[in-house]
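Here is run.cif, consisting of mmCIF, C-alpha atoms, pLDDT in the B column; chains and numbers go by the auth columns:
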data_start
loop_
_atom_site.group_PDB
_atom_site.id
_atom_site.type_symbol
_atom_site.label_atom_id
_atom_site.label_comp_id
_atom_site.label_asym_id
_atom_site.label_seq_id
_atom_site.Cartn_x
_atom_site.Cartn_y
_atom_site.Cartn_z
_atom_site.B_iso_or_equiv
_atom_site.auth_seq_id
_atom_site.auth_asym_id
ATOM 1 C CA MET A 1 138.869 52.217 71.517 45.00 11 A
ATOM 2 C CA SER A 2 140.356 54.751 73.865 48.00 12 A
ATOM 3 C CA LEU A 3 138.340 57.014 76.113 48.00 13 A
ATOM 4 C CA SER A 4 139.104 60.083 74.002 52.00 14 A
ATOM 5 C CA SER A 5 137.952 58.432 70.753 51.00 15 A
ATOM 6 C CA ALA A 6 134.664 57.388 72.447 49.00 16 A
ATOM 7 C CA GLN A 7 134.136 61.008 73.500 52.00 17 A
ATOM 8 C CA HIS A 8 134.772 62.171 69.899 53.00 18 A
ATOM 9 C CA ALA A 9 132.235 59.619 68.603 53.00 19 A
ATOM 10 C CA SER A 10 129.502 60.838 70.978 59.00 20 A
ATOM 11 C CA GLN A 11 130.054 64.553 70.174 66.00 21 A
ATOM 12 C CA PRO A 12 128.451 64.363 66.694 66.00 22 A
ATOM 13 C CA THR A 13 125.449 62.545 68.197 71.00 23 A
ATOM 14 C CA ARG A 14 125.018 65.272 70.823 75.00 24 A
ATOM 15 C CA SER A 15 125.501 67.946 68.174 79.00 25 A
ATOM 16 C CA VAL A 16 122.736 66.449 65.988 77.00 26 A
ATOM 17 C CA ALA A 17 120.397 66.091 68.983 76.00 27 A
ATOM 18 C CA ARG A 18 121.119 69.690 70.028 81.00 28 A
ATOM 19 C CA SER A 19 120.408 70.921 66.471 80.00 29 A
ATOM 20 C CA ILE A 20 117.088 69.054 66.403 83.00 30 A
ATOM 21 C CA VAL A 21 116.082 70.533 69.780 77.00 31 A
ATOM 22 C CA HIS A 22 117.032 74.059 68.599 78.00 32 A
ATOM 23 C CA PHE A 23 115.050 73.559 65.388 78.00 33 A
ATOM 24 C CA ILE A 24 111.956 72.405 67.315 82.00 34 A
ATOM 25 C CA ILE A 25 112.255 75.378 69.691 81.00 35 A
ATOM 26 C CA MET A 26 112.539 77.781 66.721 81.00 36 A
ATOM 27 C CA LEU A 27 109.420 76.245 65.149 77.00 37 A
ATOM 28 C CA LEU A 28 107.480 76.570 68.408 76.00 38 A
ATOM 29 C CA VAL A 29 108.571 80.203 68.841 76.00 39 A
ATOM 30 C CA ALA A 30 107.640 81.008 65.220 71.00 40 A
ATOM 31 C CA PHE A 31 104.242 79.348 65.691 72.00 41 A
ATOM 32 C CA ALA A 32 103.625 81.222 68.960 68.00 42 A
ATOM 33 C CA LEU A 33 104.568 84.550 67.320 67.00 43 A
ATOM 34 C CA ALA A 34 102.250 83.828 64.381 66.00 44 A
ATOM 35 C CA VAL A 35 99.335 82.998 66.702 66.00 45 A
ATOM 36 C CA PHE A 36 100.028 86.076 68.864 63.00 46 A
ATOM 37 C CA SER A 37 100.239 88.458 65.900 63.00 47 A
ATOM 38 C CA HIS A 38 97.117 86.970 64.278 62.00 48 A
ATOM 39 C CA THR A 39 95.170 87.235 67.540 65.00 49 A
ATOM 40 C CA PHE A 40 96.316 90.664 68.720 66.00 50 A
ATOM 41 C CA ILE A 41 97.996 92.567 65.873 75.00 51 A
ATOM 42 C CA PHE A 42 96.677 91.825 62.365 80.00 52 A
ATOM 43 C CA GLU A 43 94.445 89.567 60.335 87.00 53 A
ATOM 44 C CA PRO A 44 94.346 88.972 56.579 89.00 54 A
ATOM 45 C CA TYR A 45 91.069 88.932 54.647 91.00 55 A
ATOM 46 C CA LYS A 46 90.230 88.023 51.068 93.00 56 A
ATOM 47 C CA ILE A 47 87.606 90.381 49.652 93.00 57 A
ATOM 48 C CA PRO A 48 84.695 88.378 48.191 91.00 58 A
ATOM 49 C CA SER A 49 82.523 91.127 46.696 92.00 59 A
ATOM 50 C CA GLY A 50 82.602 94.441 44.865 93.00 60 A
ATOM 51 C CA SER A 51 81.029 96.548 47.629 94.00 61 A
ATOM 52 C CA MET A 52 84.246 98.574 48.126 95.00 62 A
ATOM 53 C CA GLU A 53 85.142 99.045 44.433 94.00 63 A
ATOM 54 C CA GLN A 54 87.247 100.965 43.240 92.00 64 A
ATOM 55 C CA THR A 55 89.126 101.316 46.530 95.00 65 A
ATOM 56 C CA ILE A 56 89.286 97.543 47.143 95.00 66 A
ATOM 57 C CA MET A 57 88.564 95.026 44.399 95.00 67 A
ATOM 58 C CA PRO A 58 87.095 91.500 44.631 95.00 68 A
ATOM 59 C CA GLY A 59 89.904 89.016 45.247 95.00 69 A
ATOM 60 C CA ASP A 60 92.211 91.586 46.897 95.00 70 A
ATOM 61 C CA LEU A 61 93.952 90.408 50.053 94.00 71 A
ATOM 62 C CA VAL A 62 93.646 93.056 52.775 95.00 72 A
ATOM 63 C CA ILE A 63 95.419 93.234 56.121 92.00 73 A
ATOM 64 C CA SER A 64 93.355 94.588 58.992 93.00 74 A
ATOM 65 C CA GLU A 65 95.338 95.740 62.026 92.00 75 A
ATOM 66 C CA LYS A 66 93.946 95.386 65.539 89.00 76 A
ATOM 67 C CA VAL A 67 96.109 97.835 67.505 89.00 77 A
ATOM 68 C CA SER A 68 94.920 101.375 66.584 90.00 78 A
ATOM 69 C CA TYR A 69 91.504 101.151 68.182 91.00 79 A
ATOM 70 C CA ARG A 70 93.006 100.156 71.516 88.00 80 A
ATOM 71 C CA PHE A 71 94.367 103.727 71.723 91.00 81 A
ATOM 72 C CA ALA A 72 91.976 105.843 69.638 92.00 82 A
ATOM 73 C CA ALA A 73 88.318 105.750 68.637 93.00 83 A
ATOM 74 C CA PRO A 74 87.337 104.874 65.063 95.00 84 A
ATOM 75 C CA LYS A 75 86.737 107.983 62.994 95.00 85 A
ATOM 76 C CA GLN A 76 84.918 109.077 59.880 96.00 86 A
ATOM 77 C CA GLY A 77 86.715 107.884 56.739 95.00 87 A
ATOM 78 C CA ASP A 78 88.363 104.827 58.334 96.00 88 A
ATOM 79 C CA ILE A 79 87.891 101.547 56.479 97.00 89 A
ATOM 80 C CA VAL A 80 87.048 98.871 59.040 97.00 90 A
ATOM 81 C CA THR A 81 86.442 95.150 59.222 95.00 91 A
ATOM 82 C CA PHE A 82 83.602 94.076 61.497 93.00 92 A
ATOM 83 C CA HIS A 83 81.223 91.244 62.304 90.00 93 A
ATOM 84 C CA GLU A 84 78.096 91.440 60.185 86.00 94 A
ATOM 85 C CA VAL A 85 75.015 92.797 61.915 74.00 95 A
ATOM 86 C CA ASN A 86 73.025 89.629 62.566 66.00 96 A
ATOM 87 C CA PRO A 87 69.763 90.390 64.372 57.00 97 A
ATOM 88 C CA ASN A 88 68.378 86.855 63.971 60.00 98 A
ATOM 89 C CA ASN A 89 71.607 85.074 65.042 58.00 99 A
ATOM 90 C CA ASN A 90 71.593 83.216 61.729 58.00 100 A
ATOM 91 C CA PRO A 91 74.934 81.339 61.471 56.00 101 A
ATOM 92 C CA GLU A 92 74.898 81.832 57.680 57.00 102 A
ATOM 93 C CA HIS A 93 75.160 85.570 58.316 61.00 103 A
ATOM 94 C CA ASN A 94 78.107 85.477 60.698 71.00 104 A
ATOM 95 C CA ARG A 95 80.608 86.998 58.278 85.00 105 A
ATOM 96 C CA ILE A 96 83.290 89.663 58.491 90.00 106 A
ATOM 97 C CA LEU A 97 82.441 92.696 56.343 93.00 107 A
ATOM 98 C CA ILE A 98 84.601 95.625 55.238 96.00 108 A
ATOM 99 C CA LYS A 99 83.147 99.128 54.834 97.00 109 A
ATOM 100 C CA ARG A 100 84.019 102.806 55.298 97.00 110 A
ATOM 101 C CA ILE A 101 82.893 104.724 58.399 98.00 111 A
ATOM 102 C CA ILE A 102 80.666 107.581 57.266 97.00 112 A
ATOM 103 C CA ALA A 103 79.475 108.827 60.668 97.00 113 A
ATOM 104 C CA THR A 104 80.071 108.127 64.342 97.00 114 A
ATOM 105 C CA ALA A 105 77.946 108.330 67.498 96.00 115 A
ATOM 106 C CA GLY A 106 75.732 111.418 67.713 97.00 116 A
ATOM 107 C CA GLN A 107 76.121 112.401 64.062 98.00 117 A
ATOM 108 C CA THR A 108 73.085 112.676 61.790 97.00 118 A
ATOM 109 C CA VAL A 109 73.202 110.909 58.419 97.00 119 A
ATOM 110 C CA ASP A 110 70.868 111.843 55.594 96.00 120 A
ATOM 111 C CA LEU A 111 70.601 110.958 51.902 94.00 121 A
ATOM 112 C CA GLN A 112 69.595 113.990 49.843 92.00 122 A
ATOM 113 C CA GLY A 113 69.442 114.029 46.057 89.00 123 A
ATOM 114 C CA GLY A 114 71.794 111.065 45.778 89.00 124 A
ATOM 115 C CA HIS A 115 74.372 112.575 48.172 93.00 125 A
ATOM 116 C CA VAL A 116 75.389 111.612 51.698 95.00 126 A
ATOM 117 C CA VAL A 117 74.897 114.467 54.146 96.00 127 A
ATOM 118 C CA VAL A 118 76.369 114.287 57.664 97.00 128 A
ATOM 119 C CA ASP A 119 75.315 116.896 60.218 97.00 129 A
ATOM 120 C CA GLY A 120 73.844 119.021 57.441 95.00 130 A
ATOM 121 C CA LYS A 121 77.000 119.033 55.256 96.00 131 A
ATOM 122 C CA PRO A 122 77.382 116.996 52.037 94.00 132 A
ATOM 123 C CA LEU A 123 80.393 114.685 52.207 94.00 133 A
ATOM 124 C CA SER A 124 83.153 114.958 49.633 93.00 134 A
ATOM 125 C CA GLU A 125 83.573 111.327 48.557 93.00 135 A
ATOM 126 C CA PRO A 126 85.833 110.995 45.492 93.00 136 A
ATOM 127 C CA TYR A 127 86.266 107.275 46.221 92.00 137 A
ATOM 128 C CA THR A 128 82.604 106.628 45.204 92.00 138 A
ATOM 129 C CA LEU A 129 83.277 107.769 41.620 89.00 139 A
ATOM 130 C CA ASN A 130 80.151 109.947 41.944 87.00 140 A
ATOM 131 C CA LYS A 131 77.798 106.971 42.228 88.00 141 A
ATOM 132 C CA PRO A 132 74.436 108.006 43.706 87.00 142 A
ATOM 133 C CA ASN A 133 73.464 107.273 47.311 87.00 143 A
ATOM 134 C CA TYR A 134 69.908 106.196 47.854 86.00 144 A
ATOM 135 C CA PRO A 135 68.096 104.221 50.567 83.00 145 A
ATOM 136 C CA LEU A 136 68.170 100.498 49.837 82.00 146 A
ATOM 137 C CA VAL A 137 65.026 98.650 48.787 80.00 147 A
ATOM 138 C CA GLY A 138 63.681 96.476 51.600 79.00 148 A
ATOM 139 C CA SER A 139 65.378 98.505 54.319 83.00 149 A
ATOM 140 C CA HIS A 140 63.614 99.573 57.505 86.00 150 A
ATOM 141 C CA ILE A 141 65.998 102.548 57.976 90.00 151 A
ATOM 142 C CA SER A 142 64.460 106.007 57.720 91.00 152 A
ATOM 143 C CA PHE A 143 66.352 109.258 57.181 93.00 153 A
ATOM 144 C CA PRO A 144 67.624 111.455 58.682 95.00 154 A
ATOM 145 C CA PHE A 145 69.233 108.886 61.000 96.00 155 A
ATOM 146 C CA VAL A 146 71.055 109.756 64.240 97.00 156 A
ATOM 147 C CA VAL A 147 73.875 107.302 64.971 97.00 157 A
ATOM 148 C CA PRO A 148 73.381 105.910 68.513 97.00 158 A
ATOM 149 C CA GLU A 149 76.077 105.931 71.207 97.00 159 A
ATOM 150 C CA GLY A 150 78.584 103.125 70.833 95.00 160 A
ATOM 151 C CA CYS A 151 77.830 102.736 67.121 96.00 161 A
ATOM 152 C CA MET A 152 79.036 103.792 63.674 97.00 162 A
ATOM 153 C CA TRP A 153 77.388 104.239 60.281 97.00 163 A
ATOM 154 C CA VAL A 154 79.224 102.364 57.511 97.00 164 A
ATOM 155 C CA MET A 155 78.852 102.299 53.732 96.00 165 A
ATOM 156 C CA GLY A 156 80.625 100.561 50.884 95.00 166 A
ATOM 157 C CA ASP A 157 82.431 102.789 48.386 96.00 167 A
ATOM 158 C CA ASN A 158 80.493 101.105 45.549 95.00 168 A
ATOM 159 C CA ARG A 159 77.217 102.745 46.556 92.00 169 A
ATOM 160 C CA THR A 160 75.100 101.076 43.878 90.00 170 A
ATOM 161 C CA ASN A 161 76.256 97.584 44.949 90.00 171 A
ATOM 162 C CA SER A 162 76.729 97.574 48.717 91.00 172 A
ATOM 163 C CA GLN A 163 74.536 96.192 51.462 90.00 173 A
ATOM 164 C CA ASP A 164 75.561 98.480 54.320 93.00 174 A
ATOM 165 C CA SER A 165 74.107 100.678 57.092 94.00 175 A
ATOM 166 C CA ARG A 166 71.434 101.822 54.668 93.00 176 A
ATOM 167 C CA PHE A 167 70.135 98.254 54.957 90.00 177 A
ATOM 168 C CA PHE A 168 71.144 96.979 58.413 90.00 178 A
ATOM 169 C CA GLY A 169 71.481 100.248 60.333 92.00 179 A
ATOM 170 C CA ALA A 170 74.199 101.410 62.701 95.00 180 A
ATOM 171 C CA VAL A 171 76.935 98.937 63.633 94.00 181 A
ATOM 172 C CA PRO A 172 78.116 98.517 67.249 95.00 182 A
ATOM 173 C CA LEU A 173 81.745 99.557 67.759 95.00 183 A
ATOM 174 C CA GLN A 174 82.313 96.323 69.694 92.00 184 A
ATOM 175 C CA SER A 175 81.795 94.379 66.446 92.00 185 A
ATOM 176 C CA ILE A 176 84.929 95.926 64.873 93.00 186 A
ATOM 177 C CA THR A 177 87.684 93.381 64.244 92.00 187 A
ATOM 178 C CA GLY A 178 90.238 95.902 62.949 93.00 188 A
ATOM 179 C CA LYS A 179 91.163 98.843 60.775 95.00 189 A
ATOM 180 C CA ALA A 180 91.962 97.979 57.158 95.00 190 A
ATOM 181 C CA PHE A 181 95.639 98.822 56.805 91.00 191 A
ATOM 182 C CA CYS A 182 96.727 97.794 53.318 93.00 192 A
ATOM 183 C CA ILE A 183 96.102 95.689 50.253 93.00 193 A
ATOM 184 C CA HIS A 184 99.002 93.253 50.084 89.00 194 A
ATOM 185 C CA TRP A 185 97.985 91.170 47.060 90.00 195 A
ATOM 186 C CA PRO A 186 97.804 91.144 44.073 92.00 196 A
ATOM 187 C CA PHE A 187 101.037 92.986 43.498 88.00 197 A
ATOM 188 C CA ASN A 188 99.553 95.556 41.099 91.00 198 A
ATOM 189 C CA HIS A 189 96.896 96.524 43.719 91.00 199 A
ATOM 190 C CA MET A 190 99.312 96.894 46.678 88.00 200 A
ATOM 191 C CA LYS A 191 98.679 100.125 48.608 92.00 201 A
ATOM 192 C CA LEU A 192 98.028 101.573 52.047 89.00 202 A
ATOM 193 C CA LEU A 193 94.388 102.247 52.848 91.00 203 A
#

As a first step, turn the structure in this file into structure tokens.
Amino acid sequence: MSLSSAQHASQPTRSVARSIVHFIIMLLVAFALAVFSHTFIFEPYKIPSGSMEQTIMPGDLVISEKVSYRFAAPKQGDIVTFHEVNPNNNPEHNRILIKRIIATAGQTVDLQGGHVVVDGKPLSEPYTLNKPNYPLVGSHISFPFVVPEGCMWVMGDNRTNSQDSRFFGAVPLQSITGKAFCIHWPFNHMKLL
């Protein structure tokens, strides 16, 4: 075998090795991007309960983005994901919840005649389908309630079936994991939130 034919024989071997190395590098880059985006940009959640019906249904897959609140404070009307208020540090109650912000720090929340009143004005809440708003049985929360600094008041859109701030009180802003951005599955429920 001549020198040139030996070189031709080794070129396919190098080409295969180079392709394998490129493939492994692409996989590592894709994995790193996935971890980065999951950690710093967005996180998917499957909704287990009906507390946000009709806005978000049980079984919907929701994407919560983590970027907005690095540049702006959460505001009334935002739908947020957050760590469950867990005063007893019970590991069974270390879940991520999804609710709508009704009031922010310094605002006064009241429940009057089945309506939510913030700073003396009844809220217009078409997303509740006119379900009544009452204090929850077994709650220690009394109304009117002033939301403390660094906290938010959250409620589920399905007011007759939502354990929310009416039960566990104001939620610390630091417990927010993201702002619900969209429903991405099932296909017939896809929408921006």

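The shortest atom-to-atom distance to Ala83 (chain A), with only C-alpha atoms taken into account, belongs to A:Ile111 out of A:Asp174, A:Ile111, A:Leu202, A:Ser134.
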
- Item | Length of the CA of Glu159 (chain A) to CA of Gly179 (chain A) vector [Å] |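 Calculated distance between CA of Glu159 (chain A) and CA of Gly179 (chain A) is 13.1 Å.
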
- Task: Taking the file above as input, evaluate the PyMOL selection byres ((chain A and resi 193) around 8) and report the hits as a PyMOL selection string.
- Result: chain A and resi 66+70-73+191-192+194-196+199-203

Write out as a JSON list (two decimals) with C-alpha atoms, in the frame of the given file each polymer residue whose atoms come within 6 Å of Met62 (chain A), counting all atoms listed in the file; drop sequence neighbours fewer than 4 positions from it.
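Okay, out_21.json is ready:
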[["chain", "number", "residue", "atom", "x", "y", "z"],
["A", 66, "ILE", "CA", 89.29, 97.54, 47.14],
["A", 166, "GLY", "CA", 80.62, 100.56, 50.88],
["A", 167, "ASP", "CA", 82.43, 102.79, 48.39],
["A", 168, "ASN", "CA", 80.49, 101.10, 45.55]]

- Surrounding residues of Thr91 (chain A) excluding itself and chain neighbours under 2 positions, 12 Å, only C-alpha atoms, as number ranges by chain: A: 52-57, 62, 72-76, 79, 84, 88-89, 93-95, 105-111, 164-166, 181, 183-191

For those residues, write C-alpha atoms to a file as a PDB file, keeping the file's coordinate frame.
ATOM      1  CA  PHE A  52      96.677  91.825  62.365  1.00 80.00           C
ATOM      2  CA  GLU A  53      94.445  89.567  60.335  1.00 87.00           C
ATOM      3  CA  PRO A  54      94.346  88.972  56.579  1.00 89.00           C
ATOM      4  CA  TYR A  55      91.069  88.932  54.647  1.00 91.00           C
ATOM      5  CA  LYS A  56      90.230  88.023  51.068  1.00 93.00           C
ATOM      6  CA  ILE A  57      87.606  90.381  49.652  1.00 93.00           C
ATOM      7  CA  MET A  62      84.246  98.574  48.126  1.00 95.00           C
ATOM      8  CA  VAL A  72      93.646  93.056  52.775  1.00 95.00           C
ATOM      9  CA  ILE A  73      95.419  93.234  56.121  1.00 92.00           C
ATOM     10  CA  SER A  74      93.355  94.588  58.992  1.00 93.00           C
ATOM     11  CA  GLU A  75      95.338  95.740  62.026  1.00 92.00           C
ATOM     12  CA  LYS A  76      93.946  95.386  65.539  1.00 89.00           C
ATOM     13  CA  TYR A  79      91.504 101.151  68.182  1.00 91.00           C
ATOM     14  CA  PRO A  84      87.337 104.874  65.063  1.00 95.00           C
ATOM     15  CA  ASP A  88      88.363 104.827  58.334  1.00 96.00           C
ATOM     16  CA  ILE A  89      87.891 101.547  56.479  1.00 97.00           C
ATOM     17  CA  HIS A  93      81.223  91.244  62.304  1.00 90.00           C
ATOM     18  CA  GLU A  94      78.096  91.440  60.185  1.00 86.00           C
ATOM     19  CA  VAL A  95      75.015  92.797  61.915  1.00 74.00           C
ATOM     20  CA  ARG A 105      80.608  86.998  58.278  1.00 85.00           C
ATOM     21  CA  ILE A 106      83.290  89.663  58.491  1.00 90.00           C
ATOM     22  CA  LEU A 107      82.441  92.696  56.343  1.00 93.00           C
ATOM     23  CA  ILE A 108      84.601  95.625  55.238  1.00 96.00           C
ATOM     24  CA  LYS A 109      83.147  99.128  54.834  1.00 97.00           C
ATOM     25  CA  ARG A 110      84.019 102.806  55.298  1.00 97.00           C
ATOM     26  CA  ILE A 111      82.893 104.724  58.399  1.00 98.00           C
ATOM     27  CA  VAL A 164      79.224 102.364  57.511  1.00 97.00           C
ATOM     28  CA  MET A 165      78.852 102.299  53.732  1.00 96.00           C
ATOM     29  CA  GLY A 166      80.625 100.561  50.884  1.00 95.00           C
ATOM     30  CA  VAL A 181      76.935  98.937  63.633  1.00 94.00           C
ATOM     31  CA  LEU A 183      81.745  99.557  67.759  1.00 95.00           C
ATOM     32  CA  GLN A 184      82.313  96.323  69.694  1.00 92.00           C
ATOM     33  CA  SER A 185      81.795  94.379  66.446  1.00 92.00           C
ATOM     34  CA  ILE A 186      84.929  95.926  64.873  1.00 93.00           C
ATOM     35  CA  THR A 187      87.684  93.381  64.244  1.00 92.00           C
ATOM     36  CA  GLY A 188      90.238  95.902  62.949  1.00 93.00           C
ATOM     37  CA  LYS A 189      91.163  98.843  60.775  1.00 95.00           C
ATOM     38  CA  ALA A 190      91.962  97.979  57.158  1.00 95.00           C
ATOM     39  CA  PHE A 191      95.639  98.822  56.805  1.00 91.00           C
TER      40      PHE A 191
END

- Message: Just the number, please: distance in Å from CA of Asp120 (chain A) to CA of Ser78 (chain A), one decimal.
- Response: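 Distance between the two atoms: 28.4 Å.
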
- May I ask for the distance between CA of Asn140 (chain A) and CA of Pro58 (chain A), given in Å to one decimal place? 22.9 Å

- Is there a way to get, as a ChimeraX atom specification, all residues within 10 Å of the point (71.8, 109.2, 66.1) in file coordinates, counting all atoms listed in the file? /A:113-119,154-159,161-163,180

- If the PyMOL selection byres ((chain A and resi 149) around 12) is run on the structure shown, which residues does it catch, given as a ChimeraX atom specification? /A:144-148,150-153,173-179

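In this comparison, which uses all atoms listed in the file, the residue of A:Ser29, A:Ile112, A:Leu133, A:Val39 approaching Lys85 (chain A) most closely is A:Ile112.
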